[in-house]
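Trainee: Here you go, this is upload-v5.txt (compact mmCIF, C-alpha atoms).
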```txt
# COMPACT_ATOMS: atom_id res chain seq x y z
CA MET Q 1 17.49 -86.43 -128.40
CA PHE Q 2 20.30 -84.07 -129.40
CA ASN Q 3 22.75 -86.20 -127.44
CA TYR Q 4 22.83 -88.50 -130.45
CA ASP Q 5 25.31 -87.65 -133.17
CA PHE Q 6 22.95 -88.73 -135.92
CA MET Q 7 20.33 -86.18 -134.78
CA GLN Q 8 22.93 -83.40 -134.74
CA ASN Q 9 23.97 -84.43 -138.24
CA ALA Q 10 20.35 -84.56 -139.37
CA PHE Q 11 19.59 -81.05 -138.12
CA PHE Q 12 22.71 -79.66 -139.75
CA VAL Q 13 21.57 -81.10 -143.08
CA ALA Q 14 18.02 -79.84 -142.40
CA ILE Q 15 19.31 -76.28 -142.10
CA CYS Q 16 21.18 -76.61 -145.40
CA ILE Q 17 18.07 -78.02 -147.09
CA SER Q 18 15.87 -75.28 -145.65
CA LEU Q 19 18.24 -72.62 -146.95
CA LEU Q 20 18.97 -73.89 -150.44
CA CYS Q 21 15.79 -75.62 -151.65
CA PRO Q 22 13.49 -72.56 -151.37
CA CYS Q 23 16.15 -70.35 -152.96
CA ILE Q 24 16.09 -72.66 -155.98
CA GLY Q 25 12.38 -73.38 -155.77
CA ILE Q 26 11.19 -69.78 -155.92
CA PHE Q 27 12.84 -69.25 -159.30
CA MET Q 28 11.46 -72.56 -160.58
CA VAL Q 29 7.93 -71.66 -159.48
CA LEU Q 30 8.15 -68.22 -161.08
CA ARG Q 31 9.31 -69.84 -164.30
CA ARG Q 32 6.40 -72.33 -164.06
CA SER Q 33 8.83 -75.24 -164.16
CA SER Q 34 8.44 -76.72 -160.69
CA MET Q 35 7.93 -80.19 -162.20
CA ILE Q 36 11.58 -80.08 -163.24
CA GLY Q 37 12.38 -80.44 -159.54
CA ASP Q 38 10.41 -83.69 -159.40
CA THR Q 39 12.20 -84.97 -162.50
CA MET Q 40 15.59 -84.02 -161.07
CA SER Q 41 14.84 -85.74 -157.78
CA HIS Q 42 14.03 -88.99 -159.59
CA ALA Q 43 17.09 -88.53 -161.78
CA SER Q 44 19.23 -88.40 -158.65
CA LEU Q 45 18.40 -92.05 -157.97
CA ALA Q 46 20.46 -93.04 -161.00
CA GLY Q 47 23.36 -90.98 -159.66
CA ILE Q 48 23.02 -92.65 -156.28
CA THR Q 49 23.14 -96.13 -157.79
CA LEU Q 50 26.16 -95.19 -159.91
CA GLY Q 51 27.88 -93.91 -156.77
CA LEU Q 52 27.13 -97.12 -154.91
CA LEU Q 53 28.28 -99.18 -157.88
CA THR Q 54 31.64 -97.41 -158.04
CA ASN Q 55 32.00 -97.30 -154.24
CA THR Q 56 32.03 -93.48 -154.15
CA ASN Q 57 29.96 -90.97 -152.16
CA PRO Q 58 26.30 -91.35 -153.29
CA ILE Q 59 25.70 -87.62 -152.78
CA LEU Q 60 28.54 -86.78 -155.14
CA GLY Q 61 27.24 -89.34 -157.63
CA ALA Q 62 23.75 -87.86 -157.40
CA PHE Q 63 25.08 -84.34 -157.91
CA ILE Q 64 27.11 -85.24 -161.00
CA PHE Q 65 24.37 -87.25 -162.69
CA THR Q 66 21.62 -84.78 -161.80
CA ALA Q 67 23.72 -81.88 -163.07
CA ILE Q 68 24.16 -83.74 -166.35
CA CYS Q 69 20.40 -84.32 -166.55
CA GLY Q 70 19.74 -80.64 -165.81
CA ALA Q 71 22.13 -79.60 -168.57
CA LEU Q 72 20.46 -82.12 -170.88
CA ILE Q 73 17.05 -80.56 -170.16
CA GLU Q 74 18.39 -77.16 -171.19
CA PHE Q 75 19.98 -78.66 -174.32
CA LEU Q 76 16.75 -80.41 -175.36
CA ARG Q 77 14.82 -77.15 -175.03
CA LYS Q 78 16.33 -76.17 -178.38
CA TYR Q 79 14.65 -79.14 -180.06
CA PHE Q 80 11.42 -79.33 -178.04
CA SER Q 81 10.94 -75.68 -177.12
CA HIS Q 82 7.17 -76.00 -176.67
CA HIS Q 83 7.11 -79.47 -175.15
CA LEU Q 84 8.68 -79.33 -171.68
CA ASP Q 85 6.59 -82.31 -170.59
CA LEU Q 86 8.16 -84.39 -173.35
CA ILE Q 87 11.66 -83.36 -172.28
CA LEU Q 88 10.93 -84.39 -168.70
CA THR Q 89 9.62 -87.75 -169.91
CA ILE Q 90 12.88 -88.34 -171.80
CA ILE Q 91 14.98 -87.50 -168.72
CA LEU Q 92 12.81 -89.67 -166.46
CA SER Q 93 13.12 -92.59 -168.86
CA LEU Q 94 16.90 -92.23 -168.93
CA SER Q 95 17.37 -91.87 -165.18
CA ILE Q 96 14.78 -94.36 -163.92
CA GLY Q 97 15.87 -96.90 -166.53
CA THR Q 98 19.47 -96.54 -165.38
CA ALA Q 99 18.54 -96.83 -161.70
CA ILE Q 100 16.30 -99.88 -162.11
CA THR Q 101 18.88 -101.64 -164.28
CA LEU Q 102 21.64 -101.12 -161.72
CA ILE Q 103 19.48 -101.98 -158.70
CA SER Q 104 18.18 -105.17 -160.29
CA SER Q 105 21.66 -106.24 -161.39
CA GLY Q 106 22.62 -107.16 -157.84
CA LYS Q 107 26.02 -105.51 -158.24
CA LEU Q 108 25.47 -102.57 -155.90
CA LYS Q 109 27.72 -102.51 -152.86
CA ALA Q 110 25.02 -101.09 -150.57
CA ASN Q 111 21.25 -100.94 -150.26
CA ALA Q 112 19.74 -98.13 -152.33
CA ASN Q 113 16.26 -98.43 -150.78
CA VAL Q 114 17.12 -96.08 -147.90
CA PHE Q 115 17.38 -93.22 -150.39
CA PHE Q 116 13.74 -93.60 -151.45
CA PHE Q 117 12.27 -92.30 -148.20
CA GLY Q 118 15.19 -90.67 -146.39
CA SER Q 119 16.70 -91.57 -143.04
CA ILE Q 120 18.10 -89.58 -140.13
CA LEU Q 121 20.47 -92.44 -139.33
CA THR Q 122 22.51 -92.46 -142.52
CA VAL Q 123 24.07 -88.97 -142.53
CA ASN Q 124 27.79 -89.26 -141.73
CA ALA Q 125 30.67 -86.80 -141.47
CA THR Q 126 31.65 -87.23 -145.12
CA ASP Q 127 28.09 -86.46 -146.20
CA MET Q 128 28.05 -83.34 -144.04
CA ILE Q 129 31.24 -82.02 -145.63
CA SER Q 130 29.87 -82.64 -149.12
CA ILE Q 131 26.55 -81.02 -148.24
CA ALA Q 132 28.21 -78.00 -146.61
CA VAL Q 133 30.45 -77.41 -149.64
CA LEU Q 134 27.57 -77.73 -152.11
CA THR Q 135 25.38 -75.40 -150.04
CA ILE Q 136 28.03 -72.68 -149.66
CA LEU Q 137 28.97 -72.75 -153.35
CA SER Q 138 25.31 -72.72 -154.41
CA VAL Q 139 24.34 -69.83 -152.13
CA LEU Q 140 27.31 -67.76 -153.33
CA THR Q 141 26.40 -68.46 -156.95
CA LEU Q 142 22.78 -67.48 -156.31
CA TYR Q 143 23.96 -64.28 -154.67
CA PHE Q 144 26.08 -63.22 -157.66
CA LEU Q 145 23.47 -64.26 -160.24
CA TYR Q 146 20.47 -62.99 -158.27
CA ASN Q 147 19.52 -60.09 -160.57
CA SER Q 148 19.95 -62.11 -163.76
CA LEU Q 149 17.96 -65.06 -162.41
CA LEU Q 150 15.17 -62.74 -161.32
CA TYR Q 151 15.08 -61.06 -164.72
CA ILE Q 152 14.95 -64.43 -166.50
CA ALA Q 153 12.26 -65.75 -164.16
CA TYR Q 154 9.89 -62.89 -164.96
CA ASP Q 155 10.60 -62.47 -168.68
CA GLU Q 156 13.21 -64.60 -170.42
CA GLU Q 157 12.82 -62.94 -173.82
CA ALA Q 158 13.20 -59.45 -172.35
CA ALA Q 159 16.30 -60.68 -170.51
CA ARG Q 160 17.81 -61.80 -173.82
CA VAL Q 161 17.08 -58.43 -175.38
CA ALA Q 162 18.69 -56.71 -172.39
CA GLY Q 163 21.90 -58.65 -172.97
CA VAL Q 164 21.59 -61.23 -170.20
CA LYS Q 165 23.40 -64.47 -171.05
CA VAL Q 166 20.24 -66.51 -170.63
CA ASP Q 167 21.51 -69.85 -171.98
CA PHE Q 168 24.67 -69.77 -169.87
CA ILE Q 169 22.77 -68.83 -166.71
CA ASN Q 170 20.19 -71.55 -167.37
CA TYR Q 171 22.98 -74.12 -167.43
CA ILE Q 172 24.36 -72.73 -164.17
CA PHE Q 173 20.88 -72.87 -162.65
CA ALA Q 174 20.60 -76.52 -163.70
CA ILE Q 175 23.75 -77.23 -161.68
CA LEU Q 176 22.26 -75.36 -158.71
CA MET Q 177 19.14 -77.51 -158.96
CA ALA Q 178 21.36 -80.58 -158.90
CA ALA Q 179 23.04 -79.30 -155.74
CA ALA Q 180 19.69 -78.68 -154.02
CA VAL Q 181 18.51 -82.16 -154.91
CA SER Q 182 21.75 -83.81 -153.83
CA ILE Q 183 21.92 -82.27 -150.37
CA SER Q 184 18.33 -83.29 -149.64
CA ILE Q 185 18.46 -86.95 -150.59
CA LYS Q 186 19.72 -88.45 -147.35
CA ILE Q 187 17.07 -86.77 -145.17
CA VAL Q 188 14.06 -86.21 -147.41
CA GLY Q 189 14.44 -89.07 -149.88
CA VAL Q 190 14.00 -89.24 -153.63
CA LEU Q 191 10.24 -89.80 -153.79
CA VAL Q 192 9.14 -86.65 -151.95
CA LEU Q 193 12.12 -84.37 -152.45
CA SER Q 194 10.24 -82.04 -154.80
CA ALA Q 195 7.98 -81.11 -151.86
CA MET Q 196 10.84 -79.17 -150.24
CA ILE Q 197 11.47 -77.29 -153.48
CA ALA Q 198 7.91 -76.22 -154.28
CA LEU Q 199 5.66 -76.36 -151.20
CA PRO Q 200 7.41 -73.76 -148.98
CA VAL Q 201 7.35 -71.38 -151.94
CA ALA Q 202 3.66 -72.11 -152.50
CA SER Q 203 2.95 -71.24 -148.86
CA ALA Q 204 4.98 -68.02 -149.03
CA LEU Q 205 3.26 -66.89 -152.24
CA GLN Q 206 -0.08 -66.84 -150.40
CA LEU Q 207 1.22 -63.96 -148.29
CA GLU Q 208 1.27 -61.80 -151.44
CA LYS Q 209 4.38 -59.85 -150.48
CA GLY Q 210 7.39 -58.70 -152.49
CA PHE Q 211 9.97 -61.10 -153.90
CA LYS Q 212 12.54 -60.80 -151.10
CA ILE Q 213 9.95 -61.22 -148.34
CA THR Q 214 8.48 -64.19 -150.20
CA LEU Q 215 11.93 -65.74 -150.43
CA LEU Q 216 12.61 -65.24 -146.71
CA CYS Q 217 9.20 -66.63 -145.80
CA SER Q 218 9.86 -69.64 -148.06
CA ILE Q 219 13.04 -70.35 -146.12
CA GLY Q 220 11.13 -69.95 -142.85
CA PHE Q 221 8.36 -72.35 -143.91
CA SER Q 222 10.96 -74.81 -145.17
CA LEU Q 223 12.87 -74.72 -141.87
CA LEU Q 224 9.65 -75.13 -139.91
CA ALA Q 225 8.62 -78.15 -142.00
CA MET Q 226 12.06 -79.74 -141.61
CA ILE Q 227 12.17 -79.27 -137.84
CA ILE Q 228 8.65 -80.60 -137.28
CA GLY Q 229 9.32 -83.41 -139.74
CA LEU Q 230 12.52 -84.52 -138.04
CA PHE Q 231 10.99 -84.37 -134.56
CA GLY Q 232 7.97 -86.29 -135.80
CA SER Q 233 10.00 -88.94 -137.58
CA TYR Q 234 12.15 -89.43 -134.48
CA PHE Q 235 9.30 -89.87 -132.00
CA LEU Q 236 6.97 -91.76 -134.36
CA ASN Q 237 9.77 -93.91 -135.78
CA VAL Q 238 8.80 -93.21 -139.39
CA ALA Q 239 10.75 -92.14 -142.47
CA PRO Q 240 11.48 -88.39 -142.32
CA GLY Q 241 10.79 -87.81 -146.00
CA GLY Q 242 7.12 -88.67 -145.81
CA PHE Q 243 6.53 -86.79 -142.57
CA VAL Q 244 8.34 -83.68 -143.83
CA SER Q 245 6.21 -83.78 -146.97
CA LEU Q 246 2.99 -84.08 -144.94
CA THR Q 247 4.13 -81.23 -142.70
CA SER Q 248 4.79 -79.03 -145.74
CA VAL Q 249 1.29 -79.74 -147.04
CA GLY Q 250 -0.13 -79.04 -143.58
CA ILE Q 251 1.65 -75.67 -143.40
CA LEU Q 252 0.26 -74.74 -146.83
CA LEU Q 253 -3.26 -75.65 -145.73
CA VAL Q 254 -2.92 -73.59 -142.53
CA VAL Q 255 -1.70 -70.59 -144.52
CA LEU Q 256 -4.62 -70.94 -146.95
CA VAL Q 257 -7.15 -71.19 -144.11
CA ILE Q 258 -5.72 -68.12 -142.36
CA LYS Q 259 -5.70 -66.22 -145.65
CA ASN Q 260 -9.37 -67.06 -146.31
CA ILE Q 261 -10.38 -66.13 -142.76
CA ARG Q 262 -8.67 -62.75 -143.12
CA THR Q 263 -10.41 -62.22 -146.46
CA ILE Q 264 -13.81 -62.97 -144.93
CA ILE Q 265 -13.13 -60.59 -142.02
CA ARG Q 266 -12.10 -57.80 -144.41
CA ARG Q 267 -15.21 -58.27 -146.52
CA PHE Q 268 -17.37 -58.23 -143.40
CA GLN Q 269 -15.72 -55.03 -142.17
CA PHE Q 270 -16.07 -53.41 -145.63
CA SER Q 271 -19.76 -54.33 -145.85
CA ARG Q 272 -20.42 -52.59 -142.55
```
Once you've parsed the file, please lay out its structure as structure tokens.

Mentor:
Amino acid sequence: MFNYDFMQNAFFVAICISLLCPCIGIFMVLRRSSMIGDTMSHASLAGITLGLLTNTNPILGAFIFTAICGALIEFLRKYFSHHLDLILTIILSLSIGTAITLISSGKLKANANVFFFGSILTVNATDMISIAVLTILSVLTLYFLYNSLLYIAYDEEAARVAGVKVDFINYIFAILMAAAVSISIKIVGVLVLSAMIALPVASALQLEKGFKITLLCSIGFSLLAMIIGLFGSYFLNVAPGGFVSLTSVGILLVVLVIKNIRTIIRRFQFSR
């Protein structure tokens, strides 16, 4: 299986996805804004179609458009501060409307349907370079902004009082979200991309450990889901996006079952 170049490419991208998506997702979950990931993933479709229309790299097109949408979400917070759902509806309308208009125009120079579900056959050398650069830059940015992002995630108002440049960092984080979405499109696909952002974090949170351990466990669960998903999609000849998503849900269910079993055992031991 690993004799094929496309599988080597797919696993390289899987490692990048498994590293970056949980690092972004854990801050989104703590801020109770995980649905932004779903909105951003759908917004990326417009970037993909714009990239195909202009005959440029679809990943680069997705990153640019999604970063703009992320910045627009932060901008609209000033006007709809208590209505995040309304902001997401506005962004979805803009991005999906753009994508459908371009796809239905018949002017695209390639088929955009492959990006809906993901494919292990479509990752090429150019994509790998783009993904590697986005991943490295994003991880470095997360490293330098780690303390500020953590502060904002737990208490944004307190962070402002403490002198943290909350608005500026929020815009940077929007760009990081765009990077996470962009690197995942080719393998996971637009429709289920948010699963890789939120579900590994949801599984890790059930362990009830500290933040750093939760983050590491999120990366571990993400990598496990990607590996199983890619193997499954290869041998079952199905789209990797759907199978990775199902695997992520399965991992969460297993973690929940184990957690409940341990709770029952502890209660039994305590009652004795």

Trainee: What does the structure give for the distance between CA of Leu53 in chain Q and CA of Ser95 in chain Q, in Å to one decimal?

Mentor: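 These atoms are spaced 15.0 Å apart.
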
Trainee: Quick one: of Q:Leu52, Q:Gln206, Q:Met196, Q:Lys212, who's nearest to Thr247 in chain Q, counting all atoms listed in the file?

Mentor: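 Among the listed residues, the smallest separation from Thr247 in chain Q belongs to Q:Met196.
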
Trainee: So, counting only C-alpha atoms, which residue among Q:Leu193, Q:Phe116, Q:Thr49, Q:Ile59 is closest to Met35 in chain Q?

Mentor: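 Among the listed residues, the smallest separation from Met35 in chain Q belongs to Q:Leu193.
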
Trainee: Which residue gives the smallest distance to Leu253 in chain Q among Q:Ser148, Q:Ile265, Q:Ala204, Q:Ile100, with only C-alpha atoms counted?

Mentor: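 Ranking Q:Ser148, Q:Ile265, Q:Ala204, Q:Ile100 by distance to Leu253 in chain Q, first place goes to Q:Ala204.
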
Trainee: Provide the CA of Ile197 in chain Q to CA of Leu215 in chain Q distance in Å, to one decimal place.

Mentor: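 We find that CA of Ile197 in chain Q and CA of Leu215 in chain Q lie 12.0 Å from each other.
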
Trainee: Write out as an MDAnalysis selection string each polymer residue whose atoms come within 9 Å of Gly47 in chain Q, counting all atoms listed in the file; drop sequence neighbours fewer than 4 positions from it.

Mentor: chainID Q and resid 43 51:52 58:66 95 98:99

Trainee: How many Å lie between CA of Ser233 in chain Q and CA of Val192 in chain Q, rounded to one decimal?

Mentor: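 Straight-line distance from CA of Ser233 in chain Q to CA of Val192 in chain Q works out to 14.6 Å.
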
Trainee: Q:Ala239, Q:Ile213, Q:Ile251, Q:Leu246: which is nearest Phe115 in chain Q, counting all atoms listed in the file?

Mentor: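 The answer is Q:Ala239, which sits nearest to Phe115 in chain Q.
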